[in-house]
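*Asks:* Have a look at this one before I ask anything.
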Amino acid sequence: KKRMIIGGTGSHLGRVWDSGTSYYDVEGNEVLMEGGHPFLRQSGTGILVAANGDSFEWTWWAKISIPDRNWTGEFEIIPGSGTGKFEGSSGKLEAIGQANPAEHINCWTFNGYIEFN
């Protein structure tokens with residue numbers, strides 16, 4: 001299992017706590033060929049923790065183009081996993097991004113919804 005540490009800013013989270021408490025784990029890897037183009041489909045679980053301690057856990061998948069490392073994916077909040085203002089929340093967040101394996105950096109943008117209780 002491979003763990004990636006997350007840092008940054010979210011519109012509903014604010015500053016994401018980047019001390020290692022926000023992360024995603026890669027739990028599945030599968031190589032796919034589509035139209036003669038190789039992709040890697042990864043999946044797993046993770047957690048986002050705001051600087052104030054509010055958090056939620058998620059499941060995720062991403063389809064990564066092997067040659068250029070551009071990817072699309074989806075992150076879904078695990079119902080009942082939220083704390084603070086995310087207690088009882090659910091939601092689905094679509095993502096686009098690009099991985100830079102040489103620098104061990106993966107940048108992305110979410111777009112989706114969060115339903116608050």
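We label chains A, B, ... in the order they appear in the structure tokens, count residues from 1 in each chain, and number ligands from 1 in the order shown.
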Fewer than 2 positions away in the same chain doesn't count, so skip those; otherwise give me all residues within 8 Å of range 62-74 of chain A, counting only C-alpha atoms, as an NGL selection string.

*Replies:* :A and (37-43 or 60 or 76 or 92-100)

*Asks:* Run DSSP on the backbone and tell me which residues of chain A come out as strand (DSSP E or B); list them as a ChimeraX atom specification.

*Replies:* /A:2-5,8-10,14-16,23-34,37-50,55-65,70-77,83,90-100,105-115

*Asks:* Rounded to one decimal in Å, what is the spacing between CA of Gly44 in chain A and CA of Thr59 in chain A?

*Replies:* 5.8 Å

*Asks:* Point out the residue among A:Ala51, A:Val31, A:Ala102, A:Val26 with the least atom-to-atom distance to Gly14 in chain A, counting only C-alpha atoms.

*Replies:*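 Among the listed residues, A:Ala51 lies closest to Gly14 in chain A.
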
*Asks:* Between CA of Gly88 in chain A and CA of Ser55 in chain A, what is the distance, to one decimal in Å?

*Replies:* 11.1 Å
